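Containing compact mmCIF, C-alpha atoms and all ligand atoms: query31.txt.
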```txt
# COMPACT_ATOMS: atom_id res chain seq x y z
CA MET A 1 65.58 41.39 202.68
CA SER A 2 66.99 38.92 205.16
CA LEU A 3 69.06 35.82 204.84
CA LEU A 4 70.34 33.26 207.32
CA LEU A 5 73.35 31.09 206.49
CA THR A 6 73.58 28.03 208.71
CA ASN A 7 76.20 25.29 209.21
CA ALA A 8 78.94 27.40 207.73
CA ALA A 9 82.71 27.08 208.19
CA ILE A 10 83.90 30.67 208.24
CA VAL A 11 87.28 32.30 207.68
CA SER A 12 86.55 35.84 208.81
CA MET A 13 89.73 37.82 207.96
CA ASP A 14 88.40 40.24 210.59
CA GLN A 15 91.86 41.24 211.93
CA SER A 16 91.43 39.18 215.11
CA ASP A 17 94.19 36.75 216.12
CA ALA A 18 92.40 33.72 214.69
CA ASP A 19 90.96 35.35 211.60
CA TYR A 20 92.58 32.89 209.17
CA GLU A 21 91.46 29.85 211.16
CA VAL A 22 88.49 27.85 209.92
CA GLN A 23 85.66 28.20 212.42
CA PRO A 24 83.21 25.36 211.82
CA ASN A 25 79.51 25.22 212.71
CA TYR A 26 78.78 28.90 212.50
CA PHE A 27 75.81 30.90 211.30
CA ILE A 28 75.70 34.32 209.68
CA ALA A 29 72.56 36.47 209.75
CA ILE A 30 72.09 39.16 207.10
CA GLU A 31 69.59 41.99 207.00
CA HIS A 32 69.33 44.86 204.53
CA GLY A 33 72.63 43.98 202.92
CA LYS A 34 74.65 43.96 206.14
CA ILE A 35 75.93 41.22 208.43
CA THR A 36 73.89 41.51 211.65
CA GLN A 37 74.94 38.44 213.62
CA ILE A 38 77.71 35.85 213.56
CA GLY A 39 77.71 33.01 216.04
CA ALA A 40 78.09 29.33 216.79
CA MET A 41 75.26 27.08 215.65
CA GLN A 42 74.69 25.94 219.23
CA ASP A 43 73.72 29.51 220.15
CA ILE A 44 71.55 30.12 217.13
CA SER A 45 68.15 29.82 218.79
CA SER A 46 68.89 32.22 221.63
CA MET A 47 70.63 34.70 219.36
CA GLN A 48 68.01 34.58 216.68
CA LYS A 49 65.19 35.28 219.18
CA GLN A 50 66.76 38.68 219.71
CA SER A 51 66.47 39.34 216.01
CA ALA A 52 63.48 41.51 215.22
CA GLU A 53 62.95 40.08 211.79
CA ASN A 54 62.30 36.48 210.88
CA HIS A 55 64.63 35.37 208.17
CA LYS A 56 62.83 34.82 204.93
CA GLN A 57 65.52 32.74 203.32
CA ILE A 58 67.62 30.14 205.09
CA ILE A 59 70.56 28.45 203.39
CA ASP A 60 72.13 25.36 204.89
CA CYS A 61 75.79 25.69 203.86
CA GLN A 62 76.48 22.04 204.75
CA ASN A 63 79.86 22.93 206.27
CA ARG A 64 81.08 24.72 203.17
CA LEU A 65 83.76 27.35 203.67
CA ILE A 66 82.77 31.02 203.63
CA THR A 67 85.31 33.81 203.09
CA PRO A 68 84.71 37.49 202.54
CA GLY A 69 83.79 38.06 198.89
CA LEU A 70 87.01 38.58 196.94
CA ILE A 71 88.02 42.11 195.96
CA ASP A 72 89.97 42.73 192.73
CA SER A 73 91.46 46.11 193.61
CA HIS A 74 93.25 46.92 190.32
CA THR A 75 91.81 46.26 186.86
CA HIS A 76 91.51 47.86 183.44
CA LEU A 77 88.41 45.80 182.63
CA VAL A 78 86.77 48.29 180.24
CA PHE A 79 88.34 48.55 176.78
CA ALA A 80 87.74 47.52 173.19
CA GLY A 81 89.87 45.41 170.87
CA ASN A 82 92.53 42.96 171.91
CA ARG A 83 96.25 42.62 171.42
CA ALA A 84 96.44 38.91 170.57
CA LYS A 85 97.89 39.64 167.13
CA GLU A 86 100.61 41.78 168.69
CA PHE A 87 101.32 38.97 171.18
CA GLU A 88 101.71 36.58 168.27
CA GLN A 89 103.89 38.99 166.26
CA ARG A 90 106.30 39.37 169.14
CA LEU A 91 106.58 35.62 169.54
CA THR A 92 107.22 35.15 165.83
CA GLY A 93 110.09 37.63 165.93
CA VAL A 94 108.55 40.83 164.52
CA PRO A 95 110.62 43.73 165.96
CA TYR A 96 108.90 46.02 168.46
CA GLU A 97 109.54 49.06 166.22
CA THR A 98 107.57 47.42 163.40
CA ILE A 99 104.67 46.68 165.75
CA ALA A 100 104.73 50.26 167.04
CA LYS A 101 104.82 51.64 163.48
CA GLN A 102 101.74 49.56 162.67
CA GLY A 103 99.95 51.33 165.53
CA GLY A 104 100.44 48.55 168.09
CA GLY A 105 100.78 48.91 171.85
CA ILE A 106 98.55 50.96 174.14
CA LEU A 107 97.54 53.33 171.33
CA SER A 108 95.84 50.50 169.47
CA THR A 109 93.64 49.96 172.55
CA VAL A 110 93.05 53.72 172.80
CA ASN A 111 91.91 53.85 169.16
CA ALA A 112 89.59 50.86 169.53
CA THR A 113 88.13 52.22 172.79
CA ARG A 114 87.51 55.67 171.33
CA ILE A 115 85.58 54.16 168.41
CA ALA A 116 83.45 51.88 170.64
CA THR A 117 80.12 53.00 172.08
CA GLU A 118 79.46 52.89 175.81
CA GLN A 119 77.12 49.96 175.28
CA GLN A 120 79.75 48.01 173.32
CA LEU A 121 82.23 48.61 176.14
CA VAL A 122 79.70 47.31 178.66
CA GLU A 123 79.09 44.14 176.67
CA LEU A 124 82.80 43.44 176.24
CA ALA A 125 83.47 44.06 179.94
CA LEU A 126 80.61 41.82 181.05
CA LYS A 127 82.24 38.77 179.43
CA ARG A 128 85.48 39.44 181.28
CA LEU A 129 83.57 40.18 184.48
CA SER A 130 81.76 36.84 184.32
CA ALA A 131 85.11 35.06 184.65
CA LEU A 132 86.00 37.10 187.73
CA THR A 133 82.65 36.64 189.44
CA ALA A 134 82.85 32.88 188.82
CA ASP A 135 86.07 33.14 190.81
CA GLY A 136 84.35 34.69 193.85
CA VAL A 137 84.86 38.41 193.17
CA THR A 138 82.19 40.66 194.73
CA THR A 139 83.93 44.06 194.41
CA ILE A 140 86.00 45.19 191.46
CA GLU A 141 87.98 48.35 190.85
CA ILE A 142 87.96 49.49 187.23
CA LYS A 143 90.16 52.21 185.76
CA SER A 144 89.67 54.42 182.75
CA GLY A 145 92.80 55.31 180.79
CA TYR A 146 92.18 54.16 177.21
CA GLY A 147 90.08 57.19 176.22
CA LEU A 148 92.53 60.02 177.02
CA THR A 149 89.95 62.68 176.07
CA LEU A 150 87.36 64.07 178.46
CA GLU A 151 84.51 62.48 176.50
CA ASP A 152 86.13 59.05 176.13
CA GLU A 153 87.40 58.86 179.72
CA LEU A 154 83.86 59.60 181.00
CA LYS A 155 82.45 57.04 178.56
CA MET A 156 84.74 54.39 180.06
CA LEU A 157 83.76 55.32 183.63
CA CYS A 158 80.04 55.28 182.69
CA ALA A 159 80.50 51.81 181.20
CA ALA A 160 82.26 50.64 184.36
CA LYS A 161 79.47 51.97 186.59
CA GLN A 162 76.83 50.37 184.35
CA LEU A 163 78.19 46.90 185.10
CA GLU A 164 76.53 47.06 188.53
CA GLN A 165 73.14 47.07 186.79
CA HIS A 166 73.94 43.97 184.74
CA ALA A 167 75.81 41.80 187.21
CA ASN A 168 75.70 41.12 190.95
CA ILE A 169 78.86 43.15 191.60
CA LYS A 170 80.06 46.34 193.29
CA VAL A 171 82.26 48.60 191.17
CA SER A 172 84.80 51.13 192.40
CA THR A 173 85.90 53.51 189.64
CA THR A 174 89.30 55.12 189.17
CA LEU A 175 90.16 57.86 186.70
CA LEU A 176 93.46 57.01 184.99
CA ALA A 177 93.53 59.76 182.37
CA ALA A 178 97.25 60.06 183.21
CA HIS A 179 97.92 56.60 181.73
CA ALA A 180 99.73 57.74 178.57
CA VAL A 181 100.20 60.93 176.57
CA PRO A 182 97.56 60.86 173.81
CA PRO A 183 98.65 61.45 170.19
CA GLU A 184 97.04 64.93 170.24
CA TYR A 185 99.53 66.00 172.94
CA LYS A 186 102.60 64.15 171.65
CA GLY A 187 105.75 65.80 173.02
CA ASP A 188 103.76 68.04 175.37
CA ALA A 189 102.89 65.96 178.42
CA ASP A 190 102.70 69.06 180.65
CA SER A 191 99.83 70.50 178.62
CA TYR A 192 98.02 67.18 178.73
CA ILE A 193 98.44 67.03 182.53
CA ARG A 194 96.93 70.53 182.79
CA TYR A 195 93.95 69.30 180.74
CA VAL A 196 93.60 66.28 183.07
CA CYS A 197 93.73 68.47 186.21
CA ASP A 198 91.64 71.40 185.00
CA GLU A 199 89.02 69.65 182.89
CA ILE A 200 88.86 65.85 183.09
CA ILE A 201 89.02 65.47 186.89
CA PRO A 202 86.38 68.18 187.61
CA ALA A 203 84.06 66.76 184.92
CA ALA A 204 84.35 63.22 186.30
CA VAL A 205 83.60 64.55 189.79
CA ASP A 206 80.60 66.57 188.59
CA ALA A 207 79.21 63.48 186.85
CA LYS A 208 79.72 61.46 190.08
CA LEU A 209 81.62 58.83 188.12
CA VAL A 210 84.84 58.54 190.06
CA ASP A 211 86.07 57.29 193.45
CA ALA A 212 89.82 57.64 192.97
CA VAL A 213 92.51 59.00 190.65
CA ASP A 214 95.54 57.06 189.45
CA VAL A 215 98.73 58.03 187.58
CA PHE A 216 101.26 55.93 185.64
CA CYS A 217 104.41 57.37 187.20
CA GLU A 218 107.27 55.98 185.11
CA GLY A 219 109.97 56.91 182.61
CA ILE A 220 107.56 55.92 179.82
CA GLY A 221 104.62 57.50 181.70
CA PHE A 222 104.59 60.70 183.75
CA ASN A 223 107.31 62.25 185.90
CA LEU A 224 107.12 63.09 189.62
CA ALA A 225 106.08 66.73 189.13
CA GLN A 226 103.29 65.73 186.74
CA THR A 227 102.18 62.95 189.09
CA LYS A 228 102.09 65.37 192.00
CA ALA A 229 99.96 67.84 190.04
CA VAL A 230 97.36 65.18 189.26
CA PHE A 231 97.27 63.97 192.88
CA GLU A 232 96.83 67.54 194.12
CA ALA A 233 93.90 68.09 191.77
CA ALA A 234 92.33 64.80 192.91
CA LEU A 235 92.74 65.63 196.60
CA THR A 236 91.20 69.08 196.05
CA HIS A 237 88.09 67.25 194.88
CA GLY A 238 88.09 64.86 197.84
CA LEU A 239 89.05 61.79 195.82
CA ASN A 240 91.29 58.91 196.87
CA ILE A 241 94.63 58.69 195.11
CA LYS A 242 96.70 55.65 194.02
CA GLY A 243 99.61 55.11 191.70
CA HIS A 244 101.16 52.77 189.11
CA THR A 245 104.62 53.21 190.60
CA GLU A 246 108.08 51.64 190.58
CA GLN A 247 107.10 49.05 187.95
CA LEU A 248 110.07 49.47 185.61
CA SER A 249 112.36 51.81 187.56
CA ASN A 250 112.60 53.63 190.89
CA LEU A 251 111.41 57.22 190.42
CA GLY A 252 110.15 57.69 193.98
CA GLY A 253 106.51 57.73 192.91
CA SER A 254 105.45 55.38 195.72
CA GLU A 255 106.97 57.62 198.38
CA LEU A 256 105.34 60.69 196.85
CA ALA A 257 101.96 58.94 196.68
CA ALA A 258 102.23 57.66 200.26
CA THR A 259 103.15 61.04 201.70
CA MET A 260 100.15 62.54 199.90
CA GLY A 261 97.87 59.92 201.48
CA ALA A 262 97.49 57.33 198.70
CA THR A 263 95.35 54.30 199.56
CA SER A 264 97.66 52.08 197.50
CA VAL A 265 100.72 51.99 195.27
CA ASP A 266 100.70 49.26 192.66
CA HIS A 267 103.31 47.08 190.87
CA ILE A 268 106.29 48.29 193.03
CA GLU A 269 108.88 45.82 191.72
CA TYR A 270 111.59 48.53 192.04
CA LEU A 271 110.46 49.91 195.43
CA ASP A 272 113.41 50.45 197.82
CA GLU A 273 113.61 50.52 201.63
CA GLN A 274 113.00 54.25 201.81
CA GLY A 275 109.81 53.76 199.79
CA VAL A 276 108.72 50.83 201.96
CA LYS A 277 109.22 52.96 205.08
CA ALA A 278 107.03 55.68 203.56
CA LEU A 279 104.24 53.15 202.91
CA ALA A 280 104.48 51.89 206.49
CA LYS A 281 104.40 55.41 207.91
CA HIS A 282 101.32 56.49 205.96
CA GLY A 283 99.34 53.23 206.00
CA THR A 284 99.49 52.85 202.22
CA VAL A 285 98.79 49.38 200.80
CA ALA A 286 101.41 47.75 198.56
CA THR A 287 99.49 46.15 195.69
CA LEU A 288 101.27 43.29 193.92
CA LEU A 289 100.36 42.50 190.33
CA PRO A 290 101.93 39.11 189.58
CA GLY A 291 100.00 38.71 186.31
CA ALA A 292 101.88 41.60 184.68
CA PHE A 293 105.17 40.38 186.19
CA TYR A 294 104.51 36.96 184.64
CA PHE A 295 103.28 38.19 181.26
CA LEU A 296 106.24 40.56 180.82
CA ARG A 297 108.66 37.89 182.10
CA GLU A 298 110.08 40.39 184.59
CA THR A 299 113.04 39.44 186.73
CA GLN A 300 112.99 42.23 189.32
CA TYR A 301 110.94 41.01 192.31
CA PRO A 302 108.90 43.29 194.56
CA PRO A 303 110.56 43.71 198.00
CA ILE A 304 108.35 41.22 199.85
CA GLU A 305 110.74 40.74 202.79
CA LEU A 306 110.98 44.50 203.40
CA LEU A 307 107.20 44.85 203.17
CA ARG A 308 106.86 42.11 205.79
CA GLN A 309 109.56 43.64 207.98
CA TYR A 310 107.83 47.04 208.04
CA LYS A 311 104.34 45.44 208.29
CA VAL A 312 103.04 47.07 205.12
CA PRO A 313 99.68 45.54 204.14
CA MET A 314 99.94 43.74 200.79
CA ALA A 315 97.13 43.37 198.26
CA ILE A 316 97.05 41.23 195.11
CA ALA A 317 95.06 42.11 192.00
CA THR A 318 94.67 40.90 188.42
CA ASP A 319 95.63 44.19 186.71
CA PHE A 320 93.40 42.74 183.98
CA ASN A 321 94.34 44.62 180.79
CA PRO A 322 94.91 43.81 177.11
CA GLY A 323 98.62 44.62 176.98
CA THR A 324 100.32 43.10 179.98
CA SER A 325 97.86 40.98 181.99
CA PRO A 326 94.99 39.46 179.99
CA ILE A 327 94.20 37.01 182.77
CA ALA A 328 90.74 37.16 184.35
CA SER A 329 91.26 35.05 187.47
CA LEU A 330 91.95 36.48 190.90
CA THR A 331 92.60 33.06 192.44
CA MET A 332 95.18 32.49 189.68
CA MET A 333 96.84 35.71 190.91
CA MET A 334 96.82 34.28 194.45
CA ASN A 335 98.63 31.25 193.07
CA MET A 336 101.13 33.43 191.19
CA GLY A 337 101.64 35.56 194.30
CA CYS A 338 102.65 32.39 196.14
CA THR A 339 104.70 30.72 193.39
CA LEU A 340 106.42 33.80 191.92
CA PHE A 341 106.67 36.09 194.97
CA ARG A 342 106.72 33.40 197.70
CA LEU A 343 103.74 34.83 199.57
CA THR A 344 102.01 32.48 201.98
CA PRO A 345 98.44 31.42 201.11
CA GLU A 346 97.34 33.44 204.14
CA GLU A 347 99.03 36.57 202.78
CA ALA A 348 97.45 35.86 199.41
CA LEU A 349 93.96 35.66 200.93
CA ARG A 350 94.52 38.89 202.90
CA GLY A 351 95.62 40.42 199.62
CA VAL A 352 92.24 39.83 197.99
CA THR A 353 90.03 40.51 201.03
CA CYS A 354 90.85 42.85 203.94
CA ASN A 355 93.96 44.45 202.42
CA ALA A 356 92.29 44.85 199.02
CA ALA A 357 89.45 46.69 200.79
CA THR A 358 91.99 49.05 202.38
CA ALA A 359 93.57 49.62 198.95
CA LEU A 360 90.19 51.01 197.87
CA GLY A 361 89.50 52.94 201.09
CA LEU A 362 86.70 50.48 201.93
CA GLN A 363 88.26 48.86 205.01
CA ASP A 364 85.37 49.87 207.27
CA SER A 365 82.70 48.08 205.26
CA ARG A 366 84.21 45.32 203.12
CA GLY A 367 86.81 42.59 203.02
CA GLN A 368 85.94 41.02 206.38
CA ILE A 369 83.20 38.82 207.83
CA ARG A 370 82.21 41.08 210.66
CA VAL A 371 78.99 42.40 212.21
CA GLY A 372 78.05 45.72 210.61
CA TYR A 373 80.03 45.02 207.45
CA ASP A 374 78.52 44.57 203.99
CA ALA A 375 77.17 41.06 203.40
CA ASP A 376 79.61 40.35 200.55
CA LEU A 377 80.58 36.70 200.83
CA ALA A 378 81.97 33.81 198.80
CA ILE A 379 80.81 30.27 199.63
CA TRP A 380 83.31 27.64 198.48
CA ASN A 381 83.38 23.88 197.96
CA ILE A 382 86.69 23.64 199.79
CA GLU A 383 87.85 22.70 203.26
CA HIS A 384 90.72 25.12 203.83
CA PRO A 385 91.45 28.59 202.41
CA SER A 386 94.95 27.51 201.28
CA GLN A 387 93.19 25.62 198.46
CA LEU A 388 92.29 28.94 196.85
CA ALA A 389 95.97 29.74 196.21
CA TYR A 390 97.02 26.13 195.63
CA GLU A 391 94.68 24.89 192.91
CA VAL A 392 94.32 26.48 189.48
CA GLY A 393 91.46 26.11 187.04
CA ILE A 394 89.14 24.03 189.19
CA PRO A 395 85.75 25.66 189.78
CA ARG A 396 85.38 25.88 193.55
CA LEU A 397 82.78 28.59 194.03
CA TYR A 398 79.40 27.45 195.34
CA ALA A 399 77.70 30.84 195.58
CA ARG A 400 78.37 34.54 195.95
CA ILE A 401 76.45 36.97 198.10
CA VAL A 402 76.75 40.67 197.24
CA GLY A 403 75.07 43.19 199.52
CA GLY A 404 72.90 40.39 200.86
CA ASN A 405 71.83 39.26 197.37
CA LEU A 406 72.53 35.68 196.45
CA CYS A 407 74.14 35.31 193.02
CA LYS A 408 71.28 34.57 190.64
CA VAL A 409 72.80 31.76 188.58
CA LEU A 410 73.95 29.72 191.51
CA CYS A 411 70.78 30.60 193.39
CA LYS A 412 68.88 28.23 191.12
CA GLU A 413 71.22 25.37 191.99
CA LEU A 414 70.95 26.20 195.65
CA CYS A 415 67.16 26.26 195.52
CA LYS A 416 67.13 22.89 193.75
CA GLU A 417 69.36 21.44 196.42
CA LEU A 418 67.27 22.95 199.16
CA SER A 419 64.08 21.46 197.73
CA ASN A 420 65.79 18.06 197.51
CA ASP A 421 66.72 18.18 201.19
ZN ZN A 501 97.37 48.65 185.88
```
Write out the structure in this file as C-alpha cells.
Amino acid sequence: MSLLLTNAAIVSMDQSDADYEVQPNYFIAIEHGKITQIGAMQDISSMQKQSAENHKQIIDCQNRLITPGLIDSHTHLVFAGNRAKEFEQRLTGVPYETIAKQGGGILSTVNATRIATEQQLVELALKRLSALTADGVTTIEIKSGYGLTLEDELKMLCAAKQLEQHANIKVSTTLLAAHAVPPEYKGDADSYIRYVCDEIIPAAVDAKLVDAVDVFCEGIGFNLAQTKAVFEAALTHGLNIKGHTEQLSNLGGSELAATMGATSVDHIEYLDEQGVKALAKHGTVATLLPGAFYFLRETQYPPIELLRQYKVPMAIATDFNPGTSPIASLTMMMNMGCTLFRLTPEEALRGVTCNAATALGLQDSRGQIRVGYDADLAIWNIEHPSQLAYEVGIPRLYARIVGGNLCKVLCKELCKELSND
C-alpha cells in the first residue's frame, strides 16, 4: 500500500511561486493512494523515521522528471463507428448536403452507438484510452451524448465508468444528453429538453453514473433558455455543470453557465470581454480545445489575451470525438495550444494539470503534487516540462502512478531495471 519515489526531479504545479520550476533531488512518499510526504533527498532519513509505515516498494527515479498525472478534462471517448469515410468524402468534394442525406454527421455516430452493446463500447474506448494513458493521462472526463435516449445515454455512462476496471485510470462522467436533438424529437427541441430534465438526469443520478451535466449551447445546438433549464435540473440534483459554449457564435452561453456556477466553459472561440469577466468573477475555467479548432480549420481564435488579463484559469483538453477531433494525444493538444493559440508551455502544463482539475471540480485532490493530494503522477524521460509541449510523437512517459498504483505495463520494465541495479 506504500510507495517511495527517490531521486526525483519534481514540477509540483502546487500553486506556489516556484511551482513550475524543476526541483531536483526530491523524494515523494505515498500511502493508501495519497501523497504523504515530499522533501529533499538530504532530509529523507529524518523525515522517513517519522513515517509509521515502512515503504514496501521503493523506486529510484534516477533524476527523471515527475509532474502531476495529466488530466484530460473534455472527451467524448465512448462511441461506436467512425467518420473516416465522411472525412474522405469532404476532401474529395462531395457536398455536405449529400453527406447529410446519406445519414452522415453526428447522427451516424448516434445510430452506431445505439446499436452497440455496452461491452462493445468499452472495448472500442479502451483502444483510444490506451493512447491517452501512454501520454501520461491519469484522469479522464468522458461525456455521453451519442445515445440521446435514456437507455442509450445510461449505457454510454456505464461503459465510461467500466473503463476504471480495465485500465489504471480515474474517470469523471458527464451527461451530455443535450448534445443534439434526436430524430425522434426533430423540430421539437423543447420537448426533448423536458425529457432530458425530467427523466434522463434523474435516472443518471439514481444510477450514480454522473458527476456533471453539459449542454451544447449553439445555433445548431440548444438556445439559452433550453441550456438554462438543463443546468437548473442538474443543480437541483447537486451535479456540476459545464458547457460547450461560444464555439461557432456568441450566444452568451458562457456567461449564463458561469453565473450559474459552472466549473468550466469549453471551446469559447467567440467569447467576448463581458463573458471573460463573468468567468473571472465566478471562478469558471476556460477550457481550450485546439484539436477541434485545428480539425475544423477555424479562424476565430479564443480570447487568450483577455483571459490572461482577467486571470481566468485556462485548461486544455483533447475533445476526443469522431466528428471534429479524432486525436488521442493530450501532449499534442499542449503543442497545438502553444502553436495555434500562442500559450506558453507553462500555461499548457497548467491546462492539463491544476486547471484541468478545477474544470472537473477536483482541485482539492488532483492536478498538483502536494501532501494530502491523490498520488496521481507521471514520470517522464525528460529534463524540463517545456519538452511536453515542444515535442510531438516521441514517447516520453516512463511510468504512471494512479491512486498510488504503478502502471502495470511499465511496472515490469521498472522492476527489470531495479533488479539490474
Ligand atoms: Zn466536446
With only C-alpha atoms as the counted atoms, please give the residues lying no more than 12 Å from Tyr192 in chain A, apart from itself and same-chain residues fewer than 6 positions off, as number ranges by chain. A: 148-150, 177-186, 198-200, 222, 226-227, 229-230
What residues have any atom no more than 10 Å from ligand ZN 501 (chain A) when counting all atoms listed in the file, and can you list them as JSON, numbers by chain? {"A": [74, 75, 76, 77, 142, 143, 145, 176, 179, 214, 215, 216, 243, 244, 245, 247, 266, 267, 289, 292, 317, 318, 319, 320, 321, 323, 324, 325]}
Could you dump the residues just selected with C-alpha atoms as a compact mmCIF listing (two decimals), keeping the file's coordinate frame?
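again.txt, written as the output of this step:
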```txt
# COMPACT_ATOMS: atom_id res chain seq x y z
CA HIS A 74 93.25 46.92 190.32
CA THR A 75 91.81 46.26 186.86
CA HIS A 76 91.51 47.86 183.44
CA LEU A 77 88.41 45.80 182.63
CA ILE A 142 87.96 49.49 187.23
CA LYS A 143 90.16 52.21 185.76
CA GLY A 145 92.80 55.31 180.79
CA LEU A 176 93.46 57.01 184.99
CA HIS A 179 97.92 56.60 181.73
CA ASP A 214 95.54 57.06 189.45
CA VAL A 215 98.73 58.03 187.58
CA PHE A 216 101.26 55.93 185.64
CA GLY A 243 99.61 55.11 191.70
CA HIS A 244 101.16 52.77 189.11
CA THR A 245 104.62 53.21 190.60
CA GLN A 247 107.10 49.05 187.95
CA ASP A 266 100.70 49.26 192.66
CA HIS A 267 103.31 47.08 190.87
CA LEU A 289 100.36 42.50 190.33
CA ALA A 292 101.88 41.60 184.68
CA ALA A 317 95.06 42.11 192.00
CA THR A 318 94.67 40.90 188.42
CA ASP A 319 95.63 44.19 186.71
CA PHE A 320 93.40 42.74 183.98
CA ASN A 321 94.34 44.62 180.79
CA GLY A 323 98.62 44.62 176.98
CA THR A 324 100.32 43.10 179.98
CA SER A 325 97.86 40.98 181.99
```
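Between CA of Gln37 in chain A and CA of Gly404 in chain A lies a distance of 13.1 Å.
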Atom-to-atom span, CA of Ala399 in chain A and CA of Leu288 in chain A, Å: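 Taking CA of Ala399 in chain A as the start and CA of Leu288 in chain A as the end point, the length is 26.7 Å.
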Neighbours of range 378-387 of chain A within 6 Å (only C-alpha atoms; same-chain residues fewer than 5 positions away dropped), as JSON, numbers by chain? {"A": [64, 65, 66, 67, 68, 69, 136, 345, 396, 397, 398, 399, 400]}
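A straight line drawn from CA of Ser144 in chain A to CA of Met314 in chain A is 23.3 Å long.
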Give me, as a PyMOL selection string, all polymer residues having an atom no more than 8 Å from Leu279 in chain A, counting only C-alpha atoms and skipping those fewer than 4 positions away in the same chain. chain A and resi 254-255+258+275+283-286+312
Might you pull out every residue within 12 Å of Ala203 in chain A, with all atoms listed in the file counted and same-chain residues fewer than 4 positions away left off, and present them as a ChimeraX atom specification? /A:149-155,157,175,195-199,207-210,234,237
Next, write the just-selected residues to a file, as a short mmCIF file (atom, residue, chain, number, x, y, z; two decimals), in the frame of the given file, keeping C-alpha atoms as the atom set.
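Generated file (part_4.cif):
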```
data_model
loop_
_atom_site.label_atom_id
_atom_site.label_comp_id
_atom_site.auth_asym_id
_atom_site.auth_seq_id
_atom_site.Cartn_x
_atom_site.Cartn_y
_atom_site.Cartn_z
CA THR A 149 89.95 62.68 176.07
CA LEU A 150 87.36 64.07 178.46
CA GLU A 151 84.51 62.48 176.50
CA ASP A 152 86.13 59.05 176.13
CA GLU A 153 87.40 58.86 179.72
CA LEU A 154 83.86 59.60 181.00
CA LYS A 155 82.45 57.04 178.56
CA LEU A 157 83.76 55.32 183.63
CA LEU A 175 90.16 57.86 186.70
CA TYR A 195 93.95 69.30 180.74
CA VAL A 196 93.60 66.28 183.07
CA CYS A 197 93.73 68.47 186.21
CA ASP A 198 91.64 71.40 185.00
CA GLU A 199 89.02 69.65 182.89
CA ALA A 207 79.21 63.48 186.85
CA LYS A 208 79.72 61.46 190.08
CA LEU A 209 81.62 58.83 188.12
CA VAL A 210 84.84 58.54 190.06
CA ALA A 234 92.33 64.80 192.91
CA HIS A 237 88.09 67.25 194.88
#
```
